[in-house]
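Colleague: Submitted below is the structure of interest, expressed as structure tokens.
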Amino acid sequence: MATDTEPGTPEADLTYPERSWSGFFKEHFGPSMLWALISIGGSHIVLAPTLGGFFGLFAVWIFVFIYLVKYGGWELGIRYNYGVGGNPIEAYTDLPGPKNWALWLTALIFTVFYTGITASVAASTTALAMVVSPLSFIQTYAVLVGVAAVLVLVSRYSLLEKVLLVFTVSLGVLLVIGVLVGPPSTDVIAETTFNVPDLTGALFVGLFAAAAGFAPTGFSTSILIGSWSMAKEGGTSELRERGLDPEDERYHDYIRQWIRTGRRDFNIGYGFSLILAIAMIVLASNVLYPEPPTDENLAVALGNILTESFGPWSFWAMLLGAFAALYSTVITLLDGASRATSDILPMALEGRTVDTELVRRTVIAGMALGSVVPLILIGELPVTLIVWIAAILAMVEVFFYPANWYVVEKNLPEAFRPSTTWKVYYVVAIALVFLFGVMGALETFNVIGV
């Protein structure tokens, strides 16, 4: 890899990231796209068209605002990933408060709450599959979740995941082209673009909270992207491995280049996720507004999103792509949550012997079986279930934002800690994220009749 240092100096022996775009895509690109594929599930396939159906093009402003506010939560994680060369979760032991509380809370989120997320996304997947399935809803749900769990248990899902990835990316391309071919009418643009809804009304609060919880995804995925980044051998881990002092200015260019590389990768995935969300909202505004998808017609509504742009054949193309996006999310949730939990428990138990493979398998089985509970509580209502679970997520995942900021301030050399401008942004953003959490609580506990 590239280096600008003098031969024979300590920093010359370090592995620097590739600076060219071709070298970047060959060596470093990838973790952000895995992250983006998690986001292209409930938020993009269900919530984006739902908000577009209710609020028209004003929903674009909602999503852009949420993306701007939440960006820092992952930026801090990336700053730690590449600036320290590790996963932020490893530093959560240093957070103030009871011993290892953050590790146990994170493990709780990856097990209990991710079970709810899996249920909500799998229910929407099932709703699409019901177009062709001869089985009942619950039977189809059981088959889909069961197959996903078995594949993850035996780690034999790589081929399926690649196929689903192709369909998901193809769907993204189709959505963007669909917007260009069939943009919203001038009437819809004039009526909805700046038509501010009742911001204190039950409908807006509930749907905004859901979007804030799921779009682009939950903050806990900063832990998952940390694992993927380390798997790509990105970041400054060599400093720690060789006992070199990161405060030594000789290594600062090395650290700086790795942080820039991590941000470059993440910004691409973040931008890709936002573009697809906007495309989905625009198409929904054109085709569905003012009649959003419902629990009863989710598959038909989604299938029709591209028909005005490409004709009847696109109904099945849209359903297939949406199914692939949602089902790949189910698989990634089962795999990511189980692996994260198996990594966290040894740290939380402080060196006690832990059979991590047994933990991983137990979590997968528990999530698959436990995911039926939300279906029993809510019913076979895919849109309602997504909104409910997403609002809960907005409420429970708030702590990751300040936690990531804390570990960055505590572990990065002073030269790479956030500037005053970044700190002002973080303070404002975290306050807004707490407000999102309050809105999530109002929706979850039906305080204002959402």
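Letters A, B, ... go to the chains of the structure tokens in the order shown; residues in each chain start at 1; ligands are counted from 1 in the same order.
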Neighbouring residues of Glu247 of chain A were defined as those with any atom within 12 Å, considering only C-alpha atoms; residues of the same chain fewer than 6 positions away were excluded. Please report them as a PyMOL selection string.
Modeller: chain A and resi 83-84+239-240+253-255+411-417
Colleague: As a list of chain:residue names, please: the residues near Leu345 of chain A (cut-off 10 Å, only C-alpha atoms, same-chain neighbours under 4 positions excluded).
Modeller: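 Surrounding residues, per the criterion: A:Leu103, A:Trp104, A:Thr106, A:Ala107, A:Ala340, A:Thr341, A:Leu349, A:Glu350, A:Gly351, A:Arg352, A:Thr353, A:Val354, A:Asp355, A:Thr356, A:Val359.
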Colleague: Could you take the residues named above and write them with N, CA, C and O atoms, as a short mmCIF file (atom, residue, chain, number, x, y, z; two decimals), in the first residue's frame?
Modeller:
data_model
loop_
_atom_site.label_atom_id
_atom_site.label_comp_id
_atom_site.auth_asym_id
_atom_site.auth_seq_id
_atom_site.Cartn_x
_atom_site.Cartn_y
_atom_site.Cartn_z
N LEU A 103 -22.10 -3.02 28.01
CA LEU A 103 -21.97 -4.30 27.31
C LEU A 103 -23.24 -5.13 27.45
O LEU A 103 -23.72 -5.72 26.48
N TRP A 104 -23.77 -5.17 28.67
CA TRP A 104 -24.99 -5.95 28.89
C TRP A 104 -26.19 -5.34 28.17
O TRP A 104 -27.03 -6.06 27.62
N THR A 106 -26.03 -3.56 25.42
CA THR A 106 -25.83 -3.83 23.99
C THR A 106 -26.20 -5.27 23.67
O THR A 106 -26.84 -5.54 22.63
N ALA A 107 -25.81 -6.21 24.54
CA ALA A 107 -26.18 -7.61 24.33
C ALA A 107 -27.70 -7.78 24.37
O ALA A 107 -28.27 -8.56 23.58
N ALA A 340 -22.39 -10.65 17.08
CA ALA A 340 -22.09 -9.55 17.99
C ALA A 340 -22.25 -9.99 19.44
O ALA A 340 -21.41 -9.68 20.30
N THR A 341 -23.33 -10.72 19.72
CA THR A 341 -23.56 -11.20 21.09
C THR A 341 -22.46 -12.15 21.54
O THR A 341 -21.98 -12.07 22.68
N LEU A 349 -18.26 -10.85 30.65
CA LEU A 349 -17.97 -11.82 31.70
C LEU A 349 -16.50 -11.80 32.11
O LEU A 349 -16.06 -12.62 32.91
N GLU A 350 -15.73 -10.89 31.51
CA GLU A 350 -14.35 -10.61 31.90
C GLU A 350 -13.46 -11.85 31.95
O GLU A 350 -12.93 -12.23 32.99
N GLY A 351 -13.33 -12.47 30.80
CA GLY A 351 -12.35 -13.53 30.69
C GLY A 351 -12.82 -14.92 31.06
O GLY A 351 -12.08 -15.90 30.91
N ARG A 352 -14.03 -15.04 31.58
CA ARG A 352 -14.53 -16.38 31.89
C ARG A 352 -14.69 -17.17 30.60
O ARG A 352 -14.97 -16.61 29.53
N THR A 353 -14.51 -18.44 30.68
CA THR A 353 -14.60 -19.28 29.49
C THR A 353 -16.02 -19.26 28.93
O THR A 353 -16.98 -19.58 29.63
N VAL A 354 -16.11 -18.87 27.68
CA VAL A 354 -17.41 -18.78 27.01
C VAL A 354 -17.31 -19.53 25.68
O VAL A 354 -16.41 -19.28 24.89
N ASP A 355 -18.24 -20.45 25.47
CA ASP A 355 -18.31 -21.15 24.19
C ASP A 355 -19.04 -20.23 23.21
O ASP A 355 -20.27 -20.23 23.13
N THR A 356 -18.27 -19.43 22.48
CA THR A 356 -18.88 -18.41 21.62
C THR A 356 -19.72 -19.02 20.50
O THR A 356 -20.72 -18.43 20.09
N VAL A 359 -23.01 -19.83 22.00
CA VAL A 359 -23.76 -18.59 22.18
C VAL A 359 -24.38 -18.16 20.85
O VAL A 359 -25.56 -17.79 20.78
#
Colleague: My list of candidates is A:Val363, A:Val427, A:Ala284, A:Met347. Which is closest to Thr93 of chain A when distances are computed with only C-alpha atoms?
Modeller: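 Under the stated criterion, the closest residue is A:Met347.
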Colleague: Taking into account only C-alpha atoms, which residue in the set A:Val64, A:Ile331, A:Ile89, A:Ile117 is nearest to Ala390 of chain A?
Modeller: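 Closest candidate: A:Ile117.
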Colleague: Just want the 9 Å neighbourhood of Ser273 of chain A, counted on only C-alpha atoms, with same-chain residues fewer than 4 positions away dropped. Output as a PyMOL selection string.
Modeller: chain A and resi 33+36-37+39-40+44+216+268-269+277-278
Colleague: So, with only C-alpha atoms as the atoms that count, which of A:Leu276, A:Ile364, A:Ala211, A:Leu358 lies closest to Gly440 of chain A?
Modeller: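 Between A:Leu276, A:Ile364, A:Ala211, A:Leu358, the residue approaching Gly440 of chain A most closely is A:Ala211.
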Colleague: Determine, counting only C-alpha atoms, which protein, DNA and RNA residues have an atom within 12 Å of an atom of Asp94 of chain A; residues of the same chain fewer than 4 positions away are not included. Present the result as a PDB file with C-alpha atoms, in the first residue's frame.
Modeller:
ATOM      1  CA  PRO A  88     -16.073   0.720  19.651  1.00  0.00           C
ATOM      2  CA  ILE A  89     -17.706  -2.012  21.729  1.00  0.00           C
ATOM      3  CA  GLU A  90     -14.325  -2.957  23.191  1.00  0.00           C
ATOM      4  CA  PRO A  98     -22.115   0.340  36.873  1.00  0.00           C
ATOM      5  CA  LYS A  99     -19.538  -2.195  35.745  1.00  0.00           C
ATOM      6  CA  ASN A 100     -20.022  -3.380  32.146  1.00  0.00           C
ATOM      7  CA  TRP A 101     -23.549  -1.986  32.008  1.00  0.00           C
ATOM      8  CA  ALA A 102     -23.112  -0.841  28.403  1.00  0.00           C
ATOM      9  CA  LEU A 103     -21.966  -4.300  27.313  1.00  0.00           C
ATOM     10  CA  MET A 347     -15.936  -9.099  27.450  1.00  0.00           C
ATOM     11  CA  ALA A 348     -18.912  -8.679  29.774  1.00  0.00           C
ATOM     12  CA  ALA A 403     -21.297   6.317  23.987  1.00  0.00           C
ATOM     13  CA  ASN A 404     -19.391   6.421  20.702  1.00  0.00           C
ATOM     14  CA  TYR A 406     -17.158   9.196  24.798  1.00  0.00           C
ATOM     15  CA  VAL A 407     -14.898   6.379  23.616  1.00  0.00           C
ATOM     16  CA  VAL A 408     -13.525   8.541  20.794  1.00  0.00           C
ATOM     17  CA  GLU A 409     -12.621  11.342  23.206  1.00  0.00           C
ATOM     18  CA  LYS A 410     -11.061   8.878  25.614  1.00  0.00           C
ATOM     19  CA  ASN A 411      -9.054   6.730  23.201  1.00  0.00           C
TER      20      ASN A 411
END
Colleague: Residues near segment 365-379 of chain A, anyone? I mean within 9 Å using only C-alpha atoms, not counting same-chain ones fewer than 5 positions away, as a list in words.
Modeller: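 That gives Thr111, Val112, Tyr114, Thr115, Gly116, Ile117, Thr118, Ala119, Ser120, Ala122, Ala123, Ile138, Tyr141, Ala142, Val145, Gly146, Ala148, Ala149, Val150, Leu153, Leu334, Ser338, Arg360, Thr384, Leu385 and Ile389 of chain A.
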